[in-house]
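> Just dropping this structure here.
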Amino acid sequence: MKEKRRSGKPESRMAKSETNPNEQVRIRSRKDSFNEVERYSPFGFLSGFGLRPSVFYLLTTLLSFAGGLSLAAALPADWKREQHFQVTAPGLIKISLPVDTLDAARQGFEDLRLYDDASNETSYLIERPVPAVKIIQSAQAFEVSLKPTETVITFDTGLSQPIDGITLETPASDFIKAVQIEGSADGKSWQLVAEGKPIFRQPGGVNQLHLTIAPATWAKLRLTADDQRSKPIPFTGARVHAATSEAVPVEPLPIVIGERHENPGETRLSLNLGAANLDLSALEVETPEPLFMRQVTMAIGQISENAIREQTLRRGTIYRVALEGRPTASSLRIEVGGQVTSRELLLLIENQDSPPLSITGVRGERRPVFLLFLARMAGTYHLLTGNPRCVAPRYDLAGLRGSLNAASLLPVAISPVADNPDYRAPEVLAGVQEGATTLDVTAWRFRKPLKLERSGAQQVELDLDILSHAQPGFEDLRILRSGKQVPYILDRTSISRSLNPVFTFSTDSKDPQLSRWTLKLPRPGLPLLRLSCRSQTPLFRRELTLFEELSDERGEKYRRRLGGASWSQTPERMSQEFILTFDAPPQTDALILETHNGDNPAIALEKFQLCYPATRVLFKSQTSDQLFLYYGNSEATSPHYDLGLVAGELLAAQKADALPGREEQLRKSGPRETISGGRGGLLFWAILGLVVVVLLVIISRLLPKPEERVNP
């Protein structure tokens, strides 16, 4: 009886597997899994004692459950981060990648991989929706007619598809007008399209000549510019913009305003996008200001030769204007239309002589990034990111590409980015090497200790001591820990810092009509960029020159020109700010500004201000490290660190502010350095006098003594 039961079970299993081929595959896969677990398990030696795979599998399951481990197939160990989601049914799947996935992946998604729960790599396709290239062409049959209170522009569009914009062309430089737009299909009957659309161009460069309209097909367009309150301006042409056939999907993007700096004539906002590698569609500024016109620039930090410089992405104009008798018109949206590889975006608002705008917020829009793949079975799928060394995958997706239009977006819940359980999570900025080369600092003249508030990514802004004593290009900057160099990246920001120098006014005794202002700086050799001041004198026109006095090798003084500019002021434009840009940074701590008044009374100047750029050093360190920043070596060359390979990660990290301490002078200037700095006149003459004395002594010894002379 027992033999029949024992022999009956294999027969029933065989019969069942023969009728279901998939079951055979499943059984073989399970058997292979048993063998793999048995081979690599630390308890593999138990198989030598005759334990069956099923018993061994049961033991391993219990041990894994007790240790909190999973029996799911291991994920590749070279990928740092993992996300997972559920697919309920096999088929063509299309999902929208969340922003944290885009942020965790590399710029071109070379490290993005998709695996099922059995650790089988799944082919995928990335779809990045972009708007179709718009057709923009010049207007045809362009005609302009001038009437007493308006200028009428008529032209043929030359397009048989919908139009959503017109850009006017004019050489005029200072105007603001309201425009009415009408459209016609035959040139006889006209239909109102829009009215009260503002166009303007201001002397500072801000302009708005593009008119947006609702998409519609028009054979002819007629634009009427209102000239009731301003003189007419010439129009030389127009460009017609065709509307795109399909709208590109966009998603709202929350944006946080980080730092805000008020530079002279400019507001600088650091915008935290929350993630990198976003396809940013547009930004919209929120402000309660009633009337304004501003030109704006968007930029990101780009890494080049171990230094960070700001690169312009887009320029645009924001405005809110109210033309008399018409409702307020505004445009606060800035089109971006490109991938932003950094988490931080800089927004620069040009204020010129106007006060800064009150910015209450910034909203963003991004284009989604879709991932398409063919799910062969339902279950859990894993997204892997974070491999800096892998190359982009090459999948044979010829069959999948033809099915893109049939794929519908699947609303799946993708888990947050987490560490891959099969990969040991690295510390923050692990790519930054702790070890570095030693440095002989005997040639360095100054150093400062650095105080750290917390471990990790750091930034320290160079203060006046460092700016004064370091090389102009900062080639001699070094950070040392226990005698070894700490790699760093130089961040040349667009932030301006200001100084208010002490100044004195005087006249020339030989020329009383010459006015002179002497400005005393806190340090010599500062990298100054601009000088500004104001005057309460209502009417004048002057040529001003800025210079400094240096001494040559013989101690004689000479003038070194630093810049010059013309300044005019009228009663209509009182308290206009005078701005002079430096042609070269000064070497001394005293600047002289001069102007000749001719037969006019002297002008009064006040509110002197000097500006220099803020420069930061980015690096990684721990609070337990004792760090020193060395500088003041005129012979040093720029260091070359491998830190540039992970500079993007360092730039994106949340950085703590390291504080420089008191300056320590390690050695004094040598004779060569002193003379080259223009302050070696006395030393030069002392050395020259010593040489003369030595020569005289030698000559006196060579001459014969009086008693040695022979009488004839």
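Labeling convention for the structure tokens: chains A, B, ... as they appear, residues from 1 per chain, ligands from 1 in order of appearance.
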Among stretch 233-380 of chain A, which ones does DSSP assign to strand (DSSP E) (computed from the backbone)? Answer as number ranges by chain.
A: 237-242, 251-254, 256-263, 266-272, 278-286, 292-304, 307-321, 329-331, 333-340, 344-350, 361-367, 370-375, 379-380
> For the residues in that selection, give me C-alpha atoms as a short mmCIF file (atom, residue, chain, number, x, y, z; two decimals), in the first residue's frame.

```
data_model
loop_
_atom_site.label_atom_id
_atom_site.label_comp_id
_atom_site.auth_asym_id
_atom_site.auth_seq_id
_atom_site.Cartn_x
_atom_site.Cartn_y
_atom_site.Cartn_z
CA GLY A 237 8.76 94.11 -40.90
CA ALA A 238 7.14 91.27 -38.98
CA ARG A 239 7.60 87.55 -38.39
CA VAL A 240 4.68 85.15 -38.20
CA HIS A 241 4.75 82.17 -35.79
CA ALA A 242 2.79 79.03 -36.67
CA GLU A 251 3.50 69.04 -14.91
CA PRO A 252 3.73 71.65 -12.12
CA LEU A 253 7.11 71.88 -10.42
CA PRO A 254 7.43 73.32 -6.90
CA VAL A 256 11.92 77.14 -3.49
CA ILE A 257 13.75 80.46 -3.45
CA GLY A 258 17.07 79.92 -1.70
CA GLU A 259 19.54 82.78 -1.51
CA ARG A 260 18.67 86.30 -2.62
CA HIS A 261 21.41 88.84 -3.29
CA GLU A 262 20.93 92.45 -4.32
CA ASN A 263 23.81 93.36 -6.59
CA GLU A 266 20.51 93.47 -10.31
CA THR A 267 18.61 90.95 -8.18
CA ARG A 268 20.12 87.47 -7.99
CA LEU A 269 17.85 84.60 -6.93
CA SER A 270 19.02 81.03 -6.34
CA LEU A 271 16.12 78.71 -7.19
CA ASN A 272 16.05 75.19 -5.75
CA LEU A 278 14.64 68.18 -15.33
CA ASP A 279 13.14 69.17 -18.67
CA LEU A 280 12.11 72.64 -17.52
CA SER A 281 9.40 74.15 -19.67
CA ALA A 282 8.83 77.57 -18.10
CA LEU A 283 9.06 79.70 -14.96
CA GLU A 284 6.52 82.20 -13.69
CA VAL A 285 7.46 84.94 -11.25
CA GLU A 286 5.00 86.00 -8.54
CA PHE A 292 7.36 97.32 -13.94
CA MET A 293 9.43 96.12 -16.90
CA ARG A 294 12.44 93.91 -16.32
CA GLN A 295 14.84 91.87 -18.40
CA VAL A 296 15.68 88.51 -16.81
CA THR A 297 18.39 85.92 -17.35
CA MET A 298 18.44 82.27 -16.33
CA ALA A 299 21.80 80.61 -15.71
CA ILE A 300 23.32 77.49 -14.16
CA GLY A 301 26.74 76.75 -12.72
CA GLN A 302 29.00 74.96 -15.17
CA ILE A 303 32.21 73.21 -14.11
CA SER A 304 35.34 73.92 -16.14
CA ALA A 307 36.23 76.05 -11.30
CA ILE A 308 32.53 76.89 -11.48
CA ARG A 309 31.30 79.62 -13.78
CA GLU A 310 27.76 80.70 -14.53
CA GLN A 311 26.44 79.89 -18.01
CA THR A 312 23.41 81.64 -19.46
CA LEU A 313 20.49 79.40 -20.46
CA ARG A 314 17.76 81.81 -21.55
CA ARG A 315 16.88 85.50 -21.55
CA GLY A 316 13.41 86.99 -21.39
CA THR A 317 11.26 89.88 -20.28
CA ILE A 318 8.66 90.14 -17.53
CA TYR A 319 6.36 93.13 -17.24
CA ARG A 320 3.16 94.58 -15.86
CA VAL A 321 2.08 97.76 -17.63
CA ALA A 329 -1.40 93.88 -19.25
CA SER A 330 1.20 91.57 -17.77
CA SER A 331 3.52 88.75 -18.72
CA ARG A 333 6.17 83.80 -17.67
CA ILE A 334 9.67 82.96 -18.90
CA GLU A 335 10.06 80.16 -21.42
CA VAL A 336 12.97 77.80 -20.73
CA GLY A 337 12.47 74.77 -22.95
CA GLY A 338 15.50 72.64 -22.12
CA GLN A 339 17.10 70.22 -19.71
CA VAL A 340 18.55 71.74 -16.55
CA GLU A 344 19.99 75.01 -8.68
CA LEU A 345 18.89 77.58 -11.24
CA LEU A 346 19.95 81.22 -11.06
CA LEU A 347 17.44 83.93 -11.94
CA LEU A 348 19.00 87.35 -12.57
CA ILE A 349 16.61 90.32 -12.72
CA GLU A 350 18.04 93.54 -14.17
CA GLY A 361 7.46 83.14 -5.20
CA VAL A 362 8.44 81.37 -8.40
CA ARG A 363 6.42 78.60 -10.02
CA GLY A 364 7.70 76.13 -12.56
CA GLU A 365 6.53 73.71 -15.21
CA ARG A 366 8.42 70.63 -16.37
CA ARG A 367 7.90 68.20 -19.20
CA PHE A 370 8.23 58.56 -19.90
CA LEU A 371 9.60 55.02 -19.68
CA LEU A 372 8.08 52.37 -21.98
CA PHE A 373 8.67 48.64 -21.76
CA LEU A 374 7.01 45.32 -22.51
CA ALA A 375 6.06 43.55 -19.29
CA GLY A 379 4.67 41.48 -10.58
CA THR A 380 7.26 43.77 -9.06
#
```
> Just the number, please: distance in Å from atom CA of A:Ala686 to atom CA of A:Arg667, one decimal.
21.3 Å
> Between atom CA of A:Gly564 and atom CA of A:Leu580, what is the distance in Å, rounded to a tenth?
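Atom CA of A:Gly564 sits 6.5 Å away from atom CA of A:Leu580.
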> Mind giving me the straight-line distance from atom CA of A:Ser342 to atom CA of A:Gly274 in Å, one decimal?
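These atoms are spaced 9.5 Å apart.
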> Compile the contact shell of A:Thr504 as a list of chain:residue names: residues with an atom at most 12 Å away, counting only C-alpha atoms, same-chain residues fewer than 3 positions apart removed.
A:Pro501, A:Thr507, A:Ser515, A:Arg516, A:Trp517, A:Thr518, A:Leu519, A:Lys520, A:Ala590, A:Leu591, A:Ile592, A:Leu593, A:Glu594, A:Ala604, A:Leu605, A:Glu606, A:Phe608
> Any idea what's packed within 8 Å of A:Arg561, counting only C-alpha atoms, ignoring anything in its chain fewer than 6 positions away? Could you give it as a compact mmCIF listing (two decimals) with N, CA and C atoms, in the first residue's frame?

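Contents of the output file part26.txt:
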```txt
# COMPACT_ATOMS: atom_id res chain seq x y z
N THR A 545 38.22 110.62 -14.24
CA THR A 545 39.30 109.65 -14.43
C THR A 545 39.68 109.07 -13.08
N LEU A 546 39.86 107.76 -13.04
CA LEU A 546 40.26 107.06 -11.82
C LEU A 546 41.66 106.49 -12.03
N PHE A 547 42.54 106.70 -11.02
CA PHE A 547 43.91 106.19 -11.12
C PHE A 547 44.45 105.94 -9.72
N GLU A 548 45.64 105.35 -9.68
CA GLU A 548 46.38 105.17 -8.43
C GLU A 548 47.82 105.56 -8.67
```
> Which residues in stretch 335-584 of chain A does DSSP call alpha helix (DSSP H)? List them as a list in words.
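Alpha helix (DSSP H) assignments inside stretch 335-584 of chain A correspond to Ala398, Gly399, Leu400, Arg401, Leu464, Asp465, Ile466, Leu467, Ser468 and His469 of chain A.
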> Just checking: using only C-alpha atoms, which residue out of A:Phe200, A:Gln161, A:Thr236, A:Gly386 ends up closest to A:Thr217?
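Looking only at the distances to A:Thr217, the closest residue turns out to be A:Gln161.
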> Which residues, written as a ChimeraX atom specification, have at least one atom at most 10 Å from A:Pro586, with only C-alpha atoms counted and residues fewer than 3 positions away on the same chain left out?
/A:524-529,547-549,560-562,582-583,589-591
> Please dump the current selection as a PDB file, in the first residue's frame; keep C-alpha atoms.

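Result went into part-v9.pdb, see below:
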```pdb
ATOM      1  CA  PRO A 524      45.597  96.824  -1.178  1.00  0.00           C
ATOM      2  CA  GLY A 525      45.218  94.741  -4.308  1.00  0.00           C
ATOM      3  CA  LEU A 526      41.485  94.034  -4.018  1.00  0.00           C
ATOM      4  CA  PRO A 527      39.759  92.673  -7.188  1.00  0.00           C
ATOM      5  CA  LEU A 528      37.434  95.659  -7.597  1.00  0.00           C
ATOM      6  CA  LEU A 529      35.049  95.753 -10.546  1.00  0.00           C
ATOM      7  CA  PHE A 547      43.905 106.192 -11.124  1.00  0.00           C
ATOM      8  CA  GLU A 548      46.377 105.172  -8.434  1.00  0.00           C
ATOM      9  CA  GLU A 549      49.940 106.235  -7.696  1.00  0.00           C
ATOM     10  CA  ARG A 560      48.420 104.042 -13.249  1.00  0.00           C
ATOM     11  CA  ARG A 561      45.050 104.590 -14.931  1.00  0.00           C
ATOM     12  CA  LEU A 562      42.218 102.354 -13.680  1.00  0.00           C
ATOM     13  CA  PHE A 582      37.532  99.255 -13.640  1.00  0.00           C
ATOM     14  CA  ASP A 583      39.832  98.568 -16.578  1.00  0.00           C
ATOM     15  CA  ASP A 589      44.932 100.798  -1.041  1.00  0.00           C
ATOM     16  CA  ALA A 590      44.376 104.383  -2.292  1.00  0.00           C
ATOM     17  CA  LEU A 591      42.340 105.432  -5.349  1.00  0.00           C
TER      18      LEU A 591
END
```
> Between A:Ile359, A:Ala225, A:Ala443, A:Leu168, which residue has the minimum interatomic distance to A:Leu209, considering only C-alpha atoms?
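Checking each candidate against A:Leu209, we get A:Leu168 as the closest.
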> Report as a PDB file with C-alpha atoms, in the first residue's frame all protein, DNA and RNA residues lying within 8 Å of A:Leu539, evaluated on only C-alpha atoms, omitting residues in the same chain fewer than 6 positions from it.

```pdb
ATOM      1  CA  SER A 568      25.831 114.099 -17.216  1.00  0.00           C
ATOM      2  CA  GLN A 569      23.051 115.167 -14.866  1.00  0.00           C
ATOM      3  CA  THR A 570      20.025 117.410 -15.389  1.00  0.00           C
ATOM      4  CA  PRO A 571      17.322 118.685 -13.013  1.00  0.00           C
TER       5      PRO A 571
END
```
> Can you tell me which residues surround A:Ser532 at a distance of at most 9 Å, considering only C-alpha atoms, apart from same-chain residues fewer than 2 positions away, and format the answer as a tab-separated table (two decimals) with C-alpha atoms, in the first residue's frame?

```tsv
chain	number	residue	atom	x	y	z
A	530	ARG	CA	33.11	99.03	-10.31
A	534	ARG	CA	25.97	110.17	-6.46
A	577	GLU	CA	24.06	107.20	-10.06
A	578	PHE	CA	27.46	107.45	-11.67
A	579	ILE	CA	29.06	104.07	-12.46
A	580	LEU	CA	32.67	103.55	-13.51
A	581	THR	CA	33.93	100.12	-14.48
A	607	LYS	CA	27.84	107.86	-1.33
A	608	PHE	CA	30.94	106.27	-2.81
A	609	GLN	CA	30.67	102.51	-3.15
A	610	LEU	CA	33.06	99.90	-4.52
A	611	CYS	CA	32.04	96.40	-5.63
```
> Considering only C-alpha atoms, state which residue in the set A:Phe446, A:Tyr124, A:Phe175, A:Phe619 is at the smallest distance from A:Phe109.
A:Tyr124
